[in-house]
Amino acid sequence: MYPAVIHDYRRPTSVQDAVSAIADGGAGAVFIAGGQSLMQALKARLVQPHALVDLQDVADLKGVRIDGAVRIGAMTRYVELVTETRLAPAYAALIDAARHVGDRQVRNRGTIGGSLCWNYIAACMPAVALTLDATMNLVSRDGGERSVPAHEFIGAPLETARNDDELLVSLQLPAPLANAGSAYGKWALVKDGLPVIGACVYVELDDRGSCSRARVGFGGLASGPKRSPAAEAKLVGCRAGDDEAISEASAAAQELETQGDLWADPAYRSHLIRTLGARMASTALRRASGQSATA
């Protein structure tokens, strides 16, 4: 199908111009980032905006800056995150997710901010942002700025805390710790397909090499990405190589409610949560302890 008529197109070069353009367009204006999700919705006429505000030329929205804390511009593409070795090992899950998002075209055009704001049920980045405890930085036309933690920003599928007149400018993470590691993996029906379940694990180790803090999150759930407090509690005390304890901790994540659809039934999704979660926990622990590990 062809999109419905779009009456106005803006291509701002600054953040202020971008939020002004979206405000001028009113309720019928939408931002377009990489366009990998939005263009499909436009073609199907699920979204019929009056105006498009293209963010391709806003330089301040691009790139990764690590100066104590980590700031990732909302228009940073997946292909750029894949080579950002400075994020490892603490935030290696971002690299894992960027490496496995969609196909080559999606990885070259898609952006982290676009994925977070679209918040598709089977997207990789919302689950990673939630698990890494990221903060979303937003601005509006009147100069207002606010920072929203991921657990408040990310809602049910296709829902976020961003207001229509706000622009997501960056994702922020605390300064990476030397004793931390993370990992993300997904299971899809076909190579480069959307995840039926995606699993992300972040861990911090104490001086003895045991897990002192853990965050465990999953995507692909009908209610949106969720963390598992039960799995996080059981992972504390585990060490790299403690396969039985890690498996037991991951099994606790089966507390999360799963849904059935054309791709998998609830029991199979619960099985994926347990097995994929254990694999990511093991990888995160090895990375935190300084070992080389592939998700």
# chains A, B, ... in the order shown; residues from 1 in each chain; ligands from 1
$ select_by_dssp --residues "segment 113-268 of chain A" --states "helix (DSSP H, G or I)" --output "PyMOL selection string"
chain A and resi 113-118+125-131+150-153+229-235+243-255+266-268
$ closest_residue --among "A:Val190, A:Ala293, A:Leu46, A:Asn119" --to "Ala161 of chain A" --atoms "only C-alpha atoms"
A:Asn119
$ residues_around --residues "Gln48 of chain A" --least-positions-apart "5" --cutoff "9 Å" --atoms "only C-alpha atoms" --output "PyMOL selection string"
chain A and resi 3-6+28+41-42
$ write_last_selection --atoms "all heavy atoms" --output "PDB file, in the first residue's frame"
ATOM      1  N   PRO A   3       1.368   5.214   1.394  1.00  0.00           N
ATOM      2  CA  PRO A   3       0.940   6.032   2.539  1.00  0.00           C
ATOM      3  C   PRO A   3      -0.152   7.011   2.142  1.00  0.00           C
ATOM      4  O   PRO A   3      -0.293   7.378   0.979  1.00  0.00           O
ATOM      5  CB  PRO A   3       2.221   6.774   2.935  1.00  0.00           C
ATOM      6  CG  PRO A   3       3.340   6.013   2.303  1.00  0.00           C
ATOM      7  CD  PRO A   3       2.781   5.415   1.062  1.00  0.00           C
ATOM      8  N   ALA A   4      -0.922   7.429   3.129  1.00  0.00           N
ATOM      9  CA  ALA A   4      -1.852   8.526   2.902  1.00  0.00           C
ATOM     10  C   ALA A   4      -1.041   9.795   2.633  1.00  0.00           C
ATOM     11  O   ALA A   4       0.164   9.853   2.900  1.00  0.00           O
ATOM     12  CB  ALA A   4      -2.753   8.711   4.122  1.00  0.00           C
ATOM     13  N   VAL A   5      -1.680  10.805   2.102  1.00  0.00           N
ATOM     14  CA  VAL A   5      -0.981  12.045   1.749  1.00  0.00           C
ATOM     15  C   VAL A   5      -0.363  12.690   2.992  1.00  0.00           C
ATOM     16  O   VAL A   5      -1.024  12.839   4.024  1.00  0.00           O
ATOM     17  CB  VAL A   5      -1.955  13.037   1.081  1.00  0.00           C
ATOM     18  CG1 VAL A   5      -1.243  14.364   0.813  1.00  0.00           C
ATOM     19  CG2 VAL A   5      -2.477  12.453  -0.218  1.00  0.00           C
ATOM     20  N   ILE A   6       0.906  13.034   2.878  1.00  0.00           N
ATOM     21  CA  ILE A   6       1.612  13.761   3.939  1.00  0.00           C
ATOM     22  C   ILE A   6       1.806  15.189   3.438  1.00  0.00           C
ATOM     23  O   ILE A   6       2.471  15.429   2.427  1.00  0.00           O
ATOM     24  CB  ILE A   6       2.964  13.097   4.262  1.00  0.00           C
ATOM     25  CG1 ILE A   6       2.731  11.676   4.789  1.00  0.00           C
ATOM     26  CG2 ILE A   6       3.735  13.925   5.283  1.00  0.00           C
ATOM     27  CD1 ILE A   6       3.988  10.860   4.954  1.00  0.00           C
ATOM     28  N   GLY A  28      -1.045  16.265  14.370  1.00  0.00           N
ATOM     29  CA  GLY A  28      -0.844  15.468  13.169  1.00  0.00           C
ATOM     30  C   GLY A  28       0.594  15.351  12.733  1.00  0.00           C
ATOM     31  O   GLY A  28       0.876  14.859  11.637  1.00  0.00           O
ATOM     32  N   ALA A  41       4.392   1.255   9.098  1.00  0.00           N
ATOM     33  CA  ALA A  41       3.092   1.695   9.612  1.00  0.00           C
ATOM     34  C   ALA A  41       2.448   2.713   8.674  1.00  0.00           C
ATOM     35  O   ALA A  41       1.225   2.725   8.499  1.00  0.00           O
ATOM     36  CB  ALA A  41       3.255   2.283  11.013  1.00  0.00           C
ATOM     37  N   LEU A  42       3.274   3.579   8.063  1.00  0.00           N
ATOM     38  CA  LEU A  42       2.743   4.556   7.115  1.00  0.00           C
ATOM     39  C   LEU A  42       2.176   3.865   5.868  1.00  0.00           C
ATOM     40  O   LEU A  42       1.097   4.218   5.378  1.00  0.00           O
ATOM     41  CB  LEU A  42       3.840   5.538   6.699  1.00  0.00           C
ATOM     42  CG  LEU A  42       4.327   6.544   7.743  1.00  0.00           C
ATOM     43  CD1 LEU A  42       5.512   7.339   7.204  1.00  0.00           C
ATOM     44  CD2 LEU A  42       3.206   7.490   8.148  1.00  0.00           C
TER      45      LEU A  42
END
$ residues_around --residues "Asp17 of chain A" --least-positions-apart "2" --cutoff "12 Å" --atoms "only C-alpha atoms" --output "PyMOL selection string"
chain A and resi 10-15+19-24+53-55+57-58+60+139-143+167
$ residues_around --residues "Asn137 of chain A" --least-positions-apart "2" --cutoff "10 Å" --atoms "only C-alpha atoms" --output "list in words"
Arg71, Gly73, Ala74, Ala134, Thr135, Val139, Glu145, Arg146, Ser147, Val148, Pro149, Arg162, Glu166, Leu167, Leu168, Val169, Ser170, Leu171 and Gln172 of chain A
$ select_by_dssp --residues "segment 120-160 of chain A" --states "strand (DSSP E or B)" --output "ChimeraX atom specification"
/A:135-140,145-149,154,160
$ write_last_selection --atoms "N, CA, C and O atoms" --output "compact mmCIF listing (two decimals), in the first residue's frame"
# COMPACT_ATOMS: atom_id res chain seq x y z
N THR A 135 18.32 5.94 31.73
CA THR A 135 17.48 7.12 31.91
C THR A 135 17.28 7.79 30.56
O THR A 135 18.24 7.95 29.79
N MET A 136 16.04 8.18 30.25
CA MET A 136 15.72 8.84 28.99
C MET A 136 15.67 10.36 29.21
O MET A 136 14.94 10.83 30.09
N ASN A 137 16.40 11.10 28.41
CA ASN A 137 16.42 12.56 28.50
C ASN A 137 15.57 13.15 27.38
O ASN A 137 15.81 12.88 26.20
N LEU A 138 14.57 13.95 27.76
CA LEU A 138 13.63 14.52 26.80
C LEU A 138 13.62 16.05 26.90
O LEU A 138 13.87 16.60 27.97
N VAL A 139 13.30 16.70 25.77
CA VAL A 139 13.14 18.16 25.75
C VAL A 139 11.84 18.50 25.03
O VAL A 139 11.35 17.73 24.21
N SER A 140 11.30 19.69 25.32
CA SER A 140 10.10 20.18 24.66
C SER A 140 10.34 21.59 24.14
O SER A 140 11.37 22.21 24.46
N GLU A 145 13.01 20.39 30.15
CA GLU A 145 13.80 19.16 30.06
C GLU A 145 13.37 18.24 31.20
O GLU A 145 13.07 18.72 32.30
N ARG A 146 13.34 16.96 30.94
CA ARG A 146 13.08 16.02 32.01
C ARG A 146 13.78 14.70 31.73
O ARG A 146 14.01 14.33 30.58
N SER A 147 14.14 14.03 32.81
CA SER A 147 14.81 12.74 32.73
C SER A 147 13.89 11.70 33.34
O SER A 147 13.43 11.85 34.47
N VAL A 148 13.64 10.64 32.58
CA VAL A 148 12.68 9.62 32.98
C VAL A 148 13.39 8.27 33.02
O VAL A 148 13.94 7.83 32.01
N PRO A 149 13.39 7.58 34.18
CA PRO A 149 14.01 6.26 34.23
C PRO A 149 13.27 5.28 33.32
O PRO A 149 12.06 5.42 33.08
N ILE A 154 9.15 3.20 29.66
CA ILE A 154 8.70 2.09 28.82
C ILE A 154 7.43 1.48 29.40
O ILE A 154 7.43 0.98 30.52
N THR A 160 4.77 4.74 25.60
CA THR A 160 5.88 5.26 26.41
C THR A 160 5.38 6.49 27.16
O THR A 160 4.27 6.98 26.91
$ atom_distance --atom1 "atom CA of Ala129 of chain A" --atom2 "atom CA of Thr111 of chain A"
13.5 Å
$ closest_residue --among "A:Met39, A:Ala251, A:Ala122, A:Leu132" --to "Pro174 of chain A" --atoms "only C-alpha atoms"
A:Leu132
$ residues_around --residues "Thr294 of chain A" --least-positions-apart "3" --cutoff "9 Å" --atoms "only C-alpha atoms" --output "list in words"
Asp96, Ala183, Thr283 and Arg287 of chain A
$ closest_atom_pairs --of "segment 46-90 of chain A" --to "segment 34-37 of chain A" --cutoff "8 Å" --atoms "only C-alpha atoms" --output "tab-separated table"
residue	atom	partner	partner_atom	distance
A:Gln56	CA	A:Gly34	CA	7.8
A:Met75	CA	A:Gly34	CA	7.7
A:Arg77	CA	A:Gly34	CA	7.9
$ write_last_selection --atoms "C-alpha atoms" --output "CSV table (one decimal), in the first residue's frame"
chain,number,residue,atom,x,y,z
A,56,GLN,CA,18.5,12.8,10.1
A,75,MET,CA,19.8,9.0,16.6
A,77,ARG,CA,22.4,3.8,14.7
$ residues_around --residues "segment 271-276 of chain A" --least-positions-apart "3" --cutoff "7 Å" --atoms "only C-alpha atoms" --output "compact mmCIF listing (two decimals) with N, CA and C atoms, in the first residue's frame"
# COMPACT_ATOMS: atom_id res chain seq x y z
N ILE A 197 11.33 -14.33 22.34
CA ILE A 197 11.74 -13.89 23.68
C ILE A 197 13.15 -13.30 23.56
N ALA A 199 16.32 -11.87 26.14
CA ALA A 199 16.75 -11.92 27.54
C ALA A 199 17.98 -11.04 27.74
N SER A 250 17.72 -18.61 36.94
CA SER A 250 16.98 -18.28 35.73
C SER A 250 15.58 -18.90 35.75
N ALA A 251 15.46 -20.08 36.31
CA ALA A 251 14.15 -20.73 36.39
C ALA A 251 13.16 -19.89 37.19
N ALA A 253 12.69 -16.87 36.94
CA ALA A 253 12.09 -15.86 36.06
C ALA A 253 10.80 -16.35 35.43
N GLN A 254 10.50 -17.63 35.59
CA GLN A 254 9.25 -18.14 35.06
C GLN A 254 8.05 -17.60 35.84
N ALA A 267 3.79 -21.97 27.48
CA ALA A 267 4.77 -22.89 28.06
C ALA A 267 6.11 -22.79 27.34
N TYR A 268 6.07 -22.63 26.03
CA TYR A 268 7.32 -22.55 25.28
C TYR A 268 8.04 -21.24 25.58
N ARG A 279 21.62 -18.66 29.90
CA ARG A 279 22.77 -18.45 29.01
C ARG A 279 23.28 -17.02 29.12
N MET A 280 22.37 -16.04 29.18
CA MET A 280 22.79 -14.64 29.28
C MET A 280 23.40 -14.34 30.65
$ closest_atom_pairs --of "segment 112-222 of chain A" --to "segment 232-245 of chain A" --cutoff "6 Å" --atoms "only C-alpha atoms" --output "tab-separated table"
residue	atom	partner	partner_atom	distance
A:Ser210	CA	A:Arg239	CA	4.8
A:Cys211	CA	A:Val236	CA	4.9
A:Ser212	CA	A:Val236	CA	5.4
A:Arg213	CA	A:Val236	CA	5.9
A:Ala214	CA	A:Glu232	CA	5.2
A:Arg215	CA	A:Glu232	CA	5.5
A:Val216	CA	A:Glu232	CA	5.8
$ write_last_selection --atoms "all heavy atoms" --output "compact mmCIF listing (two decimals), in the first residue's frame"
# COMPACT_ATOMS: atom_id res chain seq x y z
N SER A 210 31.89 -13.00 43.32
CA SER A 210 30.49 -13.43 43.40
C SER A 210 29.57 -12.28 43.02
O SER A 210 29.89 -11.10 43.24
CB SER A 210 30.16 -13.90 44.82
OG SER A 210 30.94 -15.02 45.17
N CYS A 211 28.42 -12.60 42.48
CA CYS A 211 27.46 -11.58 42.08
C CYS A 211 26.92 -10.87 43.31
O CYS A 211 26.38 -11.49 44.23
CB CYS A 211 26.32 -12.24 41.29
SG CYS A 211 25.03 -11.07 40.80
N SER A 212 27.06 -9.56 43.35
CA SER A 212 26.56 -8.78 44.48
C SER A 212 25.29 -8.02 44.12
O SER A 212 24.55 -7.58 45.00
CB SER A 212 27.62 -7.78 44.94
OG SER A 212 28.00 -6.92 43.88
N ARG A 213 25.05 -7.85 42.82
CA ARG A 213 23.84 -7.15 42.36
C ARG A 213 23.50 -7.66 40.96
O ARG A 213 24.41 -7.88 40.15
CB ARG A 213 24.06 -5.65 42.33
CG ARG A 213 22.87 -4.85 41.81
CD ARG A 213 23.14 -3.36 41.84
NE ARG A 213 23.41 -2.88 43.20
CZ ARG A 213 23.77 -1.64 43.50
NH1 ARG A 213 23.94 -0.77 42.52
NH2 ARG A 213 23.98 -1.28 44.75
N ALA A 214 22.22 -7.85 40.70
CA ALA A 214 21.81 -8.36 39.40
C ALA A 214 20.51 -7.71 38.95
O ALA A 214 19.66 -7.37 39.76
CB ALA A 214 21.64 -9.88 39.46
N ARG A 215 20.40 -7.55 37.63
CA ARG A 215 19.14 -7.15 37.01
C ARG A 215 18.89 -8.08 35.84
O ARG A 215 19.79 -8.32 35.02
CB ARG A 215 19.19 -5.69 36.55
CG ARG A 215 19.29 -4.69 37.71
CD ARG A 215 18.99 -3.27 37.25
NE ARG A 215 20.02 -2.75 36.37
CZ ARG A 215 21.09 -2.07 36.77
NH1 ARG A 215 21.28 -1.84 38.07
NH2 ARG A 215 21.97 -1.62 35.91
N VAL A 216 17.67 -8.60 35.77
CA VAL A 216 17.32 -9.60 34.75
C VAL A 216 16.02 -9.15 34.08
O VAL A 216 15.01 -8.96 34.76
CB VAL A 216 17.13 -10.99 35.38
CG1 VAL A 216 16.77 -12.01 34.30
CG2 VAL A 216 18.39 -11.43 36.13
$ closest_residue --among "A:Ala180, A:Leu158, A:Ala230, A:Glu248" --to "Asp207 of chain A" --atoms "only C-alpha atoms"
A:Ala180
$ atom_distance --atom1 "atom CA of Arg269 of chain A" --atom2 "atom CA of Lys191 of chain A"
17.9 Å
$ closest_residue --among "A:Arg65, A:Arg99, A:His50, A:Arg107" --to "Ala29 of chain A" --atoms "only C-alpha atoms"
A:His50
$ closest_atom_pairs --of "segment 146-219 of chain A" --to "segment 81-89 of chain A" --cutoff "9 Å" --atoms "only C-alpha atoms" --output "tab-separated table"
residue	atom	partner	partner_atom	distance
A:Pro176	CA	A:Leu87	CA	7.7
A:Leu177	CA	A:Pro89	CA	8.7
A:Ala178	CA	A:Pro89	CA	7.8
A:Asn179	CA	A:Pro89	CA	8.6
A:Ala180	CA	A:Pro89	CA	6.6
A:Gly181	CA	A:Pro89	CA	4.8
A:Ser182	CA	A:Pro89	CA	6.5
A:Ala183	CA	A:Pro89	CA	8.6
$ write_last_selection --atoms "all heavy atoms" --output "compact mmCIF listing (two decimals), in the first residue's frame"
# COMPACT_ATOMS: atom_id res chain seq x y z
N PRO A 176 30.33 3.21 33.79
CA PRO A 176 30.48 1.75 33.82
C PRO A 176 31.47 1.30 34.88
O PRO A 176 32.54 1.90 35.05
CB PRO A 176 30.97 1.41 32.41
CG PRO A 176 31.58 2.68 31.90
CD PRO A 176 30.80 3.79 32.53
N LEU A 177 31.12 0.26 35.60
CA LEU A 177 31.98 -0.29 36.65
C LEU A 177 32.88 -1.37 36.07
O LEU A 177 32.47 -2.15 35.20
CB LEU A 177 31.12 -0.88 37.77
CG LEU A 177 30.16 0.09 38.47
CD1 LEU A 177 29.32 -0.64 39.51
CD2 LEU A 177 30.94 1.23 39.12
N ALA A 178 34.10 -1.45 36.59
CA ALA A 178 35.06 -2.44 36.10
C ALA A 178 34.65 -3.86 36.46
O ALA A 178 35.03 -4.82 35.78
CB ALA A 178 36.45 -2.13 36.65
N ASN A 179 33.87 -4.00 37.53
CA ASN A 179 33.47 -5.34 37.98
C ASN A 179 32.07 -5.72 37.53
O ASN A 179 31.41 -6.55 38.14
CB ASN A 179 33.54 -5.42 39.51
CG ASN A 179 32.57 -4.46 40.18
OD1 ASN A 179 32.19 -3.45 39.58
ND2 ASN A 179 32.16 -4.77 41.40
N ALA A 180 31.59 -5.06 36.44
CA ALA A 180 30.23 -5.32 35.96
C ALA A 180 30.28 -5.92 34.57
O ALA A 180 31.24 -5.75 33.81
CB ALA A 180 29.43 -4.02 35.94
N GLY A 181 29.22 -6.65 34.23
CA GLY A 181 29.09 -7.24 32.90
C GLY A 181 27.63 -7.41 32.55
O GLY A 181 26.78 -7.52 33.44
N SER A 182 27.33 -7.42 31.27
CA SER A 182 25.95 -7.63 30.83
C SER A 182 25.95 -8.40 29.52
O SER A 182 26.96 -8.48 28.82
CB SER A 182 25.22 -6.29 30.66
OG SER A 182 25.77 -5.54 29.59
N ALA A 183 24.78 -8.95 29.20
CA ALA A 183 24.64 -9.72 27.97
C ALA A 183 23.18 -9.70 27.54
O ALA A 183 22.27 -9.62 28.37
CB ALA A 183 25.11 -11.16 28.17
